[in-house]
Amino acid sequence: MTAPRILLTNDDGVRSPGLLAAAEALHALGAVDVFAPLRQQTAMGRAQTGDRNATLQQVELTVAGAPLRAWACDASPAATVGHGLKVMPGYAPALLVSGINYGENLGASITSSGTVGAALEGACRGIPALAVSMETGIESHHAYTEQDWSAAMHFLSLFAGMVLERGLPGDVHVLKIDVPAGATPDTPWRLTRLSPGMYYESRLAEPSLHSRLGEVTVTKGPAPGESPETDVYALSVDRVVSVTPLTLDFTARTAFRDIRSWLAPGGR
């Protein structure tokens, strides 16, 4: 029986220890191919940016003592995934994994996540996808720091195995998995909803028109009144692994009859 092919990407760059940890976790489940950004691309969302002259560059990586098929592109995570799939038209991975990311991706902040953006790029092409992130300090979001990846590797292997065996449920295109710092393989996991709040907040100490982008201070945490059903509450309050099913359909859930009523002259 042919081993399923697994496309592995991230937004921290092809040399990220989190990506190598993911490759190790996936090694027993299938044949892993890496298509990752050449350099750090945190917070790029689903941007389609990059060096217009960039090509896929083969990179020497090793996992479990064996060489890993790996390419890097000087582009955003989503652009790297898209380009990799375009230049290899016969390539049909059974699963796309984006991660393991330095830093949790929660709430409305995920629209700026390169990790989630890369997963959505694969999902748009019909590839079931996982976006896997681990809680780390904000200072590690742009630098490789030493981390214990074992719990994140366990949950990545667990859910990747499920998707390869069963596929994703209807209307689920991406499973977003967030692992709290200090978790172990015995930490419970919970099915969660995406919080509508901003988990990451950036502030200026003394705002003015002359303030620079780099002067912001970033903080994180749940908003007052955060619902216990959300990914933010699960990770930051209850300290469990958050598993959030995402769909490509961003349409509001309000009944169209109510929206038509609102749109009508004099509607409210």
# chains A, B, ... in the order shown; residues from 1 in each chain; ligands from 1
>>> select_by_dssp(residues="stretch 19-228 of chain A", states="strand (DSSP E)", output="number ranges by chain")
A: 31-37, 57-58, 61-63, 66-73, 95-102, 129-134, 174-179, 189-191, 200-203, 217-220
>>> residues_around(residues="A:Met153", least_positions_apart="5", cutoff="8 Å", atoms="only C-alpha atoms", output="PyMOL selection string")
chain A and resi 21-22+24-25
>>> write_last_selection(atoms="N, CA, C and O atoms", output="PDB file, in the first residue's frame")
ATOM      1  N   ALA A  21       9.887  19.476  14.149  1.00  0.00           N
ATOM      2  CA  ALA A  21       9.112  18.680  15.100  1.00  0.00           C
ATOM      3  C   ALA A  21       7.859  18.126  14.441  1.00  0.00           C
ATOM      4  O   ALA A  21       7.482  16.962  14.660  1.00  0.00           O
ATOM      5  N   ALA A  22       7.209  18.944  13.613  1.00  0.00           N
ATOM      6  CA  ALA A  22       6.027  18.469  12.890  1.00  0.00           C
ATOM      7  C   ALA A  22       6.385  17.341  11.940  1.00  0.00           C
ATOM      8  O   ALA A  22       5.663  16.345  11.833  1.00  0.00           O
ATOM      9  N   GLU A  24       8.776  15.220  12.208  1.00  0.00           N
ATOM     10  CA  GLU A  24       9.019  14.017  13.006  1.00  0.00           C
ATOM     11  C   GLU A  24       7.713  13.373  13.447  1.00  0.00           C
ATOM     12  O   GLU A  24       7.554  12.148  13.426  1.00  0.00           O
ATOM     13  N   ALA A  25       6.742  14.207  13.843  1.00  0.00           N
ATOM     14  CA  ALA A  25       5.446  13.680  14.284  1.00  0.00           C
ATOM     15  C   ALA A  25       4.692  13.005  13.150  1.00  0.00           C
ATOM     16  O   ALA A  25       3.935  12.051  13.371  1.00  0.00           O
TER      17      ALA A  25
END
>>> residues_around(residues="A:Thr187", least_positions_apart="6", cutoff="9 Å", atoms="only C-alpha atoms", output="VMD selection string")
chain A and resid 151 239 to 241
>>> write_last_selection(atoms="N, CA and C atoms", output="mmCIF file, in the first residue's frame")
data_model
loop_
_atom_site.group_PDB
_atom_site.id
_atom_site.type_symbol
_atom_site.label_atom_id
_atom_site.label_comp_id
_atom_site.auth_asym_id
_atom_site.auth_seq_id
_atom_site.Cartn_x
_atom_site.Cartn_y
_atom_site.Cartn_z
ATOM 1 N N ALA A 151 4.240 17.677 23.361
ATOM 2 C CA ALA A 151 2.773 17.637 23.442
ATOM 3 C C ALA A 151 2.154 18.047 22.113
ATOM 4 N N ARG A 239 -6.787 25.918 30.091
ATOM 5 C CA ARG A 239 -5.491 25.304 29.794
ATOM 6 C C ARG A 239 -5.627 23.922 29.162
ATOM 7 N N VAL A 240 -6.593 23.789 28.254
ATOM 8 C CA VAL A 240 -6.759 22.555 27.499
ATOM 9 C C VAL A 240 -6.436 22.838 26.033
ATOM 10 N N VAL A 241 -6.246 21.782 25.269
ATOM 11 C CA VAL A 241 -5.979 21.913 23.846
ATOM 12 C C VAL A 241 -7.263 22.306 23.123
#
>>> select_by_dssp(residues="stretch 15-225 of chain A", states="alpha helix (DSSP H)", output="ChimeraX atom specification")
/A:17-26,77-87,114-123,150-166
>>> residues_around(residues="A:Pro180", least_positions_apart="2", cutoff="9 Å", atoms="only C-alpha atoms", output="ChimeraX atom specification")
/A:104,133-136,152,178,182-183,235-236,239-242
>>> closest_residue(among="A:Val179, A:Val163, A:Leu168, A:Leu130", to="A:Ser150", atoms="only C-alpha atoms")
A:Val179
>>> closest_residue(among="A:His210, A:Arg253, A:Arg166, A:Arg39", to="A:Cys73", atoms="only C-alpha atoms")
A:Arg39
>>> closest_residue(among="A:Gly50, A:Gly65, A:Leu95, A:Leu7", to="A:Gly161", atoms="only C-alpha atoms")
A:Leu95
>>> closest_atom_pairs(of="stretch 43-113 of chain A", to="stretch 10-13 of chain A", cutoff="7 Å", atoms="only C-alpha atoms", output="CSV")
residue,atom,partner,partner_atom,distance
A:Pro77,CA,A:Asp11,CA,5.4
A:Ser98,CA,A:Asn10,CA,4.8
A:Gly99,CA,A:Asn10,CA,4.7
A:Asn101,CA,A:Asn10,CA,6.9
>>> write_last_selection(atoms="C-alpha atoms", output="mmCIF file, in the first residue's frame")
data_model
loop_
_atom_site.group_PDB
_atom_site.id
_atom_site.type_symbol
_atom_site.label_atom_id
_atom_site.label_comp_id
_atom_site.auth_asym_id
_atom_site.auth_seq_id
_atom_site.Cartn_x
_atom_site.Cartn_y
_atom_site.Cartn_z
ATOM 1 C CA PRO A 77 3.286 30.939 3.363
ATOM 2 C CA SER A 98 0.832 24.035 8.657
ATOM 3 C CA GLY A 99 2.988 24.335 11.780
ATOM 4 C CA ASN A 101 3.840 27.455 14.941
#
>>> closest_residue(among="A:Asp148, A:Glu206, A:Asp249, A:Asp231", to="A:Leu194", atoms="only C-alpha atoms")
A:Asp231
>>> closest_residue(among="A:Thr49, A:His154, A:Ile6, A:Pro17", to="A:Pro185", atoms="only C-alpha atoms")
A:His154
>>> atom_distance(atom1="atom CA of A:Tyr200", atom2="atom CA of A:Gly225")
16.0 Å
